[in-house]
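Chemist: Pasting a structure here, questions to come.
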Amino acid sequence: MLDIGQAIPWKRACRAAVAAIAFIGMFGLTQSVRASAVETAPVPMPTPVPALHSGDVLVIDAPAAVLMDVDTGIVIYDKNMHERHYPASMTKVMTALLVLENFNDDLDARVPFSYEAVFNIPRHTSHIAMNDNETLSVREALYAIMLPSANEVSNALAELVAGSMEDFAVMMTARAIELGALNTRFVNSHGLHDPDHFTTPYDMALIMREAVRFPLFREIISTEFAEIPPTERQPLPRPLLNTNHMILGASNHFNPNIVGGKTGFTDEARHTLVSYGRMRNMGLVSVVMRQERALTYIDTTTLMSFGFENFENVPVFDRNSYTREIPVLGQDEPVRAIGERSLTMSLPVGAREHIGDPIFDIPPYFDHPVVDGQLIGTATINYGDIEISEIRMFAEITTTFVPEVYTPMDLADNFGEGRTWFDILVVVIQVMFILVGALAALILVIHFKNRRARMRRFRSTRGRHIYYYRYK
């Protein structure tokens, strides 16, 4: 006969097995419900750059030109803006951009001049008479390439950044492509003629738009005159005069709204000019290519005047006003969606009435944890039927996920929209598994209770029999 003390371990094992079955079933149910509800925030797509005006609005003599809003990249005026031409010394804007991106925090670093950097340019081209084994600071070198357009200094900067002209040219072209300048190819840092060295007005505007983000670049291109102090091989200071007549107060082409720019000339390219102007906190970039010298200034003045006279600053998005409260399942507090920035744009005068409310692309709710700073959607700004900007929306407050408690009423809702038949079948099997486990546990408990009662009766009866035979 099995002793009652030997039955206890088996009983505990059964109970443990039932508990494990129930736990596995409940864990699987919870994971299935949570996993099926996970969604991801939409990924913002790049906003196309529309043209608000065609080349028929103005009379521009240059064969190719463009006028672009600095803040948004919107094209205000377009005349053959994707037509390829030789940039000449406008190339130095890209050279300066790469130098600033690599040495903006170390402008006092020395720029060494190799023999090749000094003597591989034609003698009649622009230079400041540097010698090999001579050095300039990065800051001085930037003034030298942007004011008098020194070609040997462009060579030395290319060697400083990339080690060689060939590698620097690869960097220039790659950076242009990153900015969206897809019809551009650079083979040198100075812009002297090469049939494989070309760009377009639109591409050059994109490059200039990126360069003017640097305060030092804006300071340099707005400088009429600078001076390089004596160096190792030059005991006298070197004067630097800006070749851009539009910022020279004594010039007939002086324009007070022009911050600065970069001129260029070769026989093959003719005269080129990229300019940056500001008026009433409105920034514009213009590019004129393959023009004659004086006409580049006239065309630039025409473009800038048109932009400043017919366009105005329009607040199109206020990040503190256009917010959204998005509920998160499993927590009491919603998450606040807020724009990455406020935005004021240069748009045609009277455009305010054509700017609609932002169109938000944000999920109606979240059913997974949301953290502070997480990208959760976008807001699109339209000017009439033209999409002019896209603002990314981020979560402002950190939220903590609280697991939901699933009751039978909740389970009915969970079988609704978003579930497949396979998900439902899995849940049903798990529920049946739990019920069978619970029923087995109940049967075991009843069985052991009945067994214990029988053993007590047996012991009681055996005691009476012993007493009867002993004292009979």
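Ligands are numbered from 1 in the order shown, chains are lettered A, B, ... in the order of the structure tokens, and residues start at 1 in each chain.
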For A:Asn133, please output as a PDB file with N, CA, C and O atoms, in the first residue's frame all residues within 7 Å (counting only C-alpha atoms; exclusion window: fewer than 3 positions along the same chain).
Modeler:
```
ATOM      1  N   PRO A 112      50.043  74.159 -45.387  1.00  0.00           N
ATOM      2  CA  PRO A 112      51.348  74.128 -46.065  1.00  0.00           C
ATOM      3  C   PRO A 112      51.180  74.203 -47.581  1.00  0.00           C
ATOM      4  O   PRO A 112      50.193  73.718 -48.141  1.00  0.00           O
ATOM      5  N   PHE A 113      52.165  74.808 -48.235  1.00  0.00           N
ATOM      6  CA  PHE A 113      52.134  74.949 -49.695  1.00  0.00           C
ATOM      7  C   PHE A 113      53.237  74.093 -50.303  1.00  0.00           C
ATOM      8  O   PHE A 113      54.427  74.336 -50.083  1.00  0.00           O
ATOM      9  N   SER A 114      52.818  73.086 -51.051  1.00  0.00           N
ATOM     10  CA  SER A 114      53.775  72.228 -51.737  1.00  0.00           C
ATOM     11  C   SER A 114      54.196  72.873 -53.054  1.00  0.00           C
ATOM     12  O   SER A 114      53.556  73.819 -53.549  1.00  0.00           O
TER      13      SER A 114
END
```
Chemist: Determine, counting only C-alpha atoms, which protein, DNA and RNA residues have an atom within 9 Å of an atom of A:His197; residues of the same chain fewer than 5 positions away are not included. Present the result as a PyMOL selection string.
Modeler: chain A and resi 85-88+184-188+191-192
Chemist: Would you pick out the contacts of stretch 115-119 of chain A at 7 Å or less, using only C-alpha atoms, so that residues sharing its chain but fewer than 2 positions from it are not included, and give the list as a PyMOL selection string?
Modeler: chain A and resi 113+121+130-132+152+155-156
Chemist: For the residues in the current selection, export N, CA and C atoms as an mmCIF file, in the first residue's frame.
Modeler:
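Final output, saved to part_26.cif:
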```
data_model
loop_
_atom_site.group_PDB
_atom_site.id
_atom_site.type_symbol
_atom_site.label_atom_id
_atom_site.label_comp_id
_atom_site.auth_asym_id
_atom_site.auth_seq_id
_atom_site.Cartn_x
_atom_site.Cartn_y
_atom_site.Cartn_z
ATOM 1 N N PHE A 113 52.165 74.808 -48.235
ATOM 2 C CA PHE A 113 52.134 74.949 -49.695
ATOM 3 C C PHE A 113 53.237 74.093 -50.303
ATOM 4 N N ILE A 121 49.605 75.732 -61.725
ATOM 5 C CA ILE A 121 48.571 76.584 -62.315
ATOM 6 C C ILE A 121 49.233 77.511 -63.340
ATOM 7 N N MET A 130 52.091 82.981 -53.628
ATOM 8 C CA MET A 130 52.598 82.121 -52.557
ATOM 9 C C MET A 130 53.807 81.336 -53.055
ATOM 10 N N ASN A 131 54.670 80.901 -52.134
ATOM 11 C CA ASN A 131 55.839 80.087 -52.459
ATOM 12 C C ASN A 131 55.718 78.725 -51.785
ATOM 13 N N ASP A 132 56.424 77.748 -52.325
ATOM 14 C CA ASP A 132 56.448 76.465 -51.657
ATOM 15 C C ASP A 132 57.197 76.606 -50.325
ATOM 16 N N GLU A 152 46.388 79.027 -56.385
ATOM 17 C CA GLU A 152 47.355 78.177 -55.700
ATOM 18 C C GLU A 152 46.926 77.907 -54.263
ATOM 19 N N ASN A 155 44.565 75.040 -54.339
ATOM 20 C CA ASN A 155 45.305 73.783 -54.424
ATOM 21 C C ASN A 155 45.793 73.331 -53.052
ATOM 22 N N ALA A 156 46.356 74.262 -52.291
ATOM 23 C CA ALA A 156 46.897 73.907 -50.976
ATOM 24 C C ALA A 156 45.790 73.460 -50.030
#
```
Chemist: If you count only C-alpha atoms, which residues fall within 8 Å of A:Ser389, apart from same-chain ones fewer than 6 positions away, as a PDB file with N, CA, C and O atoms, in the first residue's frame?
Modeler:
```
ATOM      1  N   THR A  47      10.830  66.481 -49.414  1.00  0.00           N
ATOM      2  CA  THR A  47       9.880  67.356 -50.072  1.00  0.00           C
ATOM      3  C   THR A  47      10.434  67.830 -51.404  1.00  0.00           C
ATOM      4  O   THR A  47      11.558  68.316 -51.469  1.00  0.00           O
ATOM      5  N   THR A  72      14.190  77.713 -47.708  1.00  0.00           N
ATOM      6  CA  THR A  72      13.459  76.500 -48.079  1.00  0.00           C
ATOM      7  C   THR A  72      13.980  75.809 -49.333  1.00  0.00           C
ATOM      8  O   THR A  72      13.637  74.660 -49.585  1.00  0.00           O
ATOM      9  N   THR A 380       2.640  68.899 -43.284  1.00  0.00           N
ATOM     10  CA  THR A 380       2.922  69.416 -44.626  1.00  0.00           C
ATOM     11  C   THR A 380       2.291  70.786 -44.784  1.00  0.00           C
ATOM     12  O   THR A 380       1.127  71.006 -44.420  1.00  0.00           O
ATOM     13  N   ILE A 381       3.080  71.733 -45.340  1.00  0.00           N
ATOM     14  CA  ILE A 381       2.611  73.096 -45.589  1.00  0.00           C
ATOM     15  C   ILE A 381       2.406  73.259 -47.091  1.00  0.00           C
ATOM     16  O   ILE A 381       3.318  72.977 -47.880  1.00  0.00           O
ATOM     17  N   ASN A 382       1.225  73.711 -47.482  1.00  0.00           N
ATOM     18  CA  ASN A 382       0.904  73.891 -48.891  1.00  0.00           C
ATOM     19  C   ASN A 382       0.664  75.361 -49.218  1.00  0.00           C
ATOM     20  O   ASN A 382       0.051  76.101 -48.437  1.00  0.00           O
TER      21      ASN A 382
END
```
Chemist: Please, which residues of stretch 83-281 of chain A, numbered as in this document, come out alpha helix (DSSP H) from DSSP, as an mmCIF file with C-alpha atoms, in the first residue's frame?
Modeler:
```
data_model
loop_
_atom_site.group_PDB
_atom_site.id
_atom_site.type_symbol
_atom_site.label_atom_id
_atom_site.label_comp_id
_atom_site.auth_asym_id
_atom_site.auth_seq_id
_atom_site.Cartn_x
_atom_site.Cartn_y
_atom_site.Cartn_z
ATOM 1 C CA THR A 91 33.934 76.331 -57.849
ATOM 2 C CA LYS A 92 35.694 77.886 -54.858
ATOM 3 C CA VAL A 93 32.375 78.069 -52.988
ATOM 4 C CA MET A 94 32.412 74.268 -52.774
ATOM 5 C CA THR A 95 36.105 74.338 -51.825
ATOM 6 C CA ALA A 96 35.349 76.754 -48.985
ATOM 7 C CA LEU A 97 32.356 74.662 -47.878
ATOM 8 C CA LEU A 98 34.437 71.496 -47.517
ATOM 9 C CA VAL A 99 37.200 73.373 -45.694
ATOM 10 C CA LEU A 100 34.708 74.851 -43.226
ATOM 11 C CA GLU A 101 33.054 71.488 -42.673
ATOM 12 C CA ASN A 102 36.442 69.993 -41.797
ATOM 13 C CA PHE A 103 38.266 72.893 -40.086
ATOM 14 C CA TYR A 115 55.717 72.860 -54.933
ATOM 15 C CA GLU A 116 52.921 71.244 -56.945
ATOM 16 C CA ALA A 117 50.238 73.385 -55.319
ATOM 17 C CA VAL A 118 52.098 76.580 -56.190
ATOM 18 C CA PHE A 119 53.410 75.847 -59.673
ATOM 19 C CA VAL A 138 42.993 78.179 -42.683
ATOM 20 C CA ARG A 139 41.188 81.473 -42.043
ATOM 21 C CA GLU A 140 43.677 83.449 -44.156
ATOM 22 C CA ALA A 141 43.497 80.860 -46.929
ATOM 23 C CA LEU A 142 39.701 81.139 -47.070
ATOM 24 C CA TYR A 143 39.947 84.914 -47.490
ATOM 25 C CA ALA A 144 42.527 84.370 -50.237
ATOM 26 C CA ILE A 145 40.321 82.086 -52.340
ATOM 27 C CA MET A 146 37.052 84.019 -51.868
ATOM 28 C CA ASN A 151 44.180 79.419 -57.372
ATOM 29 C CA GLU A 152 47.355 78.177 -55.700
ATOM 30 C CA VAL A 153 45.673 78.616 -52.316
ATOM 31 C CA SER A 154 42.759 76.472 -53.536
ATOM 32 C CA ASN A 155 45.305 73.783 -54.424
ATOM 33 C CA ALA A 156 46.897 73.907 -50.976
ATOM 34 C CA LEU A 157 43.529 73.693 -49.232
ATOM 35 C CA ALA A 158 42.624 70.649 -51.334
ATOM 36 C CA GLU A 159 45.848 68.927 -50.259
ATOM 37 C CA LEU A 160 45.222 69.883 -46.631
ATOM 38 C CA VAL A 161 41.717 68.382 -46.545
ATOM 39 C CA ALA A 162 42.113 65.308 -48.756
ATOM 40 C CA MET A 165 43.689 67.191 -55.692
ATOM 41 C CA GLU A 166 42.227 63.992 -57.118
ATOM 42 C CA ASP A 167 40.807 62.861 -53.767
ATOM 43 C CA PHE A 168 39.519 66.343 -52.994
ATOM 44 C CA ALA A 169 37.688 66.482 -56.326
ATOM 45 C CA VAL A 170 35.973 63.204 -55.464
ATOM 46 C CA MET A 171 34.919 64.707 -52.122
ATOM 47 C CA MET A 172 33.570 67.802 -53.892
ATOM 48 C CA THR A 173 31.419 65.817 -56.305
ATOM 49 C CA ALA A 174 30.155 63.498 -53.570
ATOM 50 C CA ARG A 175 29.189 66.445 -51.354
ATOM 51 C CA ALA A 176 27.396 68.091 -54.263
ATOM 52 C CA ILE A 177 25.339 64.955 -54.800
ATOM 53 C CA GLU A 178 24.458 64.884 -51.086
ATOM 54 C CA PRO A 201 22.633 77.281 -61.935
ATOM 55 C CA TYR A 202 20.323 75.193 -59.748
ATOM 56 C CA ASP A 203 23.148 73.010 -58.429
ATOM 57 C CA MET A 204 25.335 76.041 -57.731
ATOM 58 C CA ALA A 205 22.482 77.667 -55.800
ATOM 59 C CA LEU A 206 22.170 74.549 -53.620
ATOM 60 C CA ILE A 207 25.906 74.648 -52.851
ATOM 61 C CA MET A 208 25.835 78.380 -52.054
ATOM 62 C CA ARG A 209 22.735 77.904 -49.885
ATOM 63 C CA GLU A 210 24.650 75.395 -47.768
ATOM 64 C CA ALA A 211 27.809 77.524 -47.572
ATOM 65 C CA PRO A 215 28.893 82.733 -40.229
ATOM 66 C CA LEU A 216 32.553 82.932 -41.250
ATOM 67 C CA PHE A 217 31.668 82.334 -44.895
ATOM 68 C CA ARG A 218 29.124 85.193 -44.804
ATOM 69 C CA GLU A 219 31.721 87.399 -43.125
ATOM 70 C CA ILE A 220 34.344 86.627 -45.773
ATOM 71 C CA ILE A 221 32.172 87.208 -48.857
#
```
Chemist: Using 6 Å as the limit and counting only C-alpha atoms, can you tabulate each residue of stretch 57-175 of chain A that touches stretch 276-295 of chain A, with its shortest atom-to-atom distance in Å and the two atoms involved, as JSON lines?
Modeler:
```
{"residue": "A:Ala62", "atom": "CA", "partner": "A:Gln291", "partner_atom": "CA", "distance": 5.3}
{"residue": "A:Ala64", "atom": "CA", "partner": "A:Met289", "partner_atom": "CA", "distance": 5.6}
{"residue": "A:Ala65", "atom": "CA", "partner": "A:Val288", "partner_atom": "CA", "distance": 4.6}
{"residue": "A:Val66", "atom": "CA", "partner": "A:Val287", "partner_atom": "CA", "distance": 5.4}
{"residue": "A:Leu67", "atom": "CA", "partner": "A:Ser286", "partner_atom": "CA", "distance": 4.4}
{"residue": "A:Met68", "atom": "CA", "partner": "A:Val285", "partner_atom": "CA", "distance": 5.2}
{"residue": "A:Asp69", "atom": "CA", "partner": "A:Leu284", "partner_atom": "CA", "distance": 4.8}
{"residue": "A:Val70", "atom": "CA", "partner": "A:Leu284", "partner_atom": "CA", "distance": 5.2}
```
Chemist: Would you kindly return, as a list in words, each protein, DNA or RNA residue with an atom no farther than 8 Å from any atom of A:Tyr322, considering only C-alpha atoms and excluding same-chain residues fewer than 2 positions away?
Modeler: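 After dropping sequence-adjacent residues, the list is Phe317, Asp318, Arg319, Asn320, Arg324, Ile338, Gly339 and Pro358 of chain A.
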Chemist: Which residues in stretch 91-205 of chain A does DSSP call strand (DSSP E)? List them as JSON, numbers by chain.
Modeler: {"A": [110, 111, 112, 135, 136, 137]}
Chemist: Just N, CA and C atoms for this one: save the residues we selected as an mmCIF file, in the first residue's frame.
Modeler:
```cif
data_model
loop_
_atom_site.group_PDB
_atom_site.id
_atom_site.type_symbol
_atom_site.label_atom_id
_atom_site.label_comp_id
_atom_site.auth_asym_id
_atom_site.auth_seq_id
_atom_site.Cartn_x
_atom_site.Cartn_y
_atom_site.Cartn_z
ATOM 1 N N ARG A 110 47.610 75.477 -39.728
ATOM 2 C CA ARG A 110 48.451 75.962 -40.804
ATOM 3 C C ARG A 110 48.213 75.172 -42.095
ATOM 4 N N VAL A 111 48.202 75.880 -43.193
ATOM 5 C CA VAL A 111 48.032 75.295 -44.519
ATOM 6 C C VAL A 111 49.394 75.306 -45.212
ATOM 7 N N PRO A 112 50.043 74.159 -45.387
ATOM 8 C CA PRO A 112 51.348 74.128 -46.065
ATOM 9 C C PRO A 112 51.180 74.203 -47.581
ATOM 10 N N THR A 135 53.402 78.953 -45.442
ATOM 11 C CA THR A 135 52.132 78.526 -44.843
ATOM 12 C C THR A 135 51.222 79.728 -44.604
ATOM 13 N N LEU A 136 49.930 79.416 -44.573
ATOM 14 C CA LEU A 136 48.886 80.359 -44.156
ATOM 15 C C LEU A 136 48.009 79.649 -43.140
ATOM 16 N N SER A 137 47.253 80.420 -42.372
ATOM 17 C CA SER A 137 46.235 79.795 -41.536
ATOM 18 C C SER A 137 45.036 79.437 -42.406
#
```
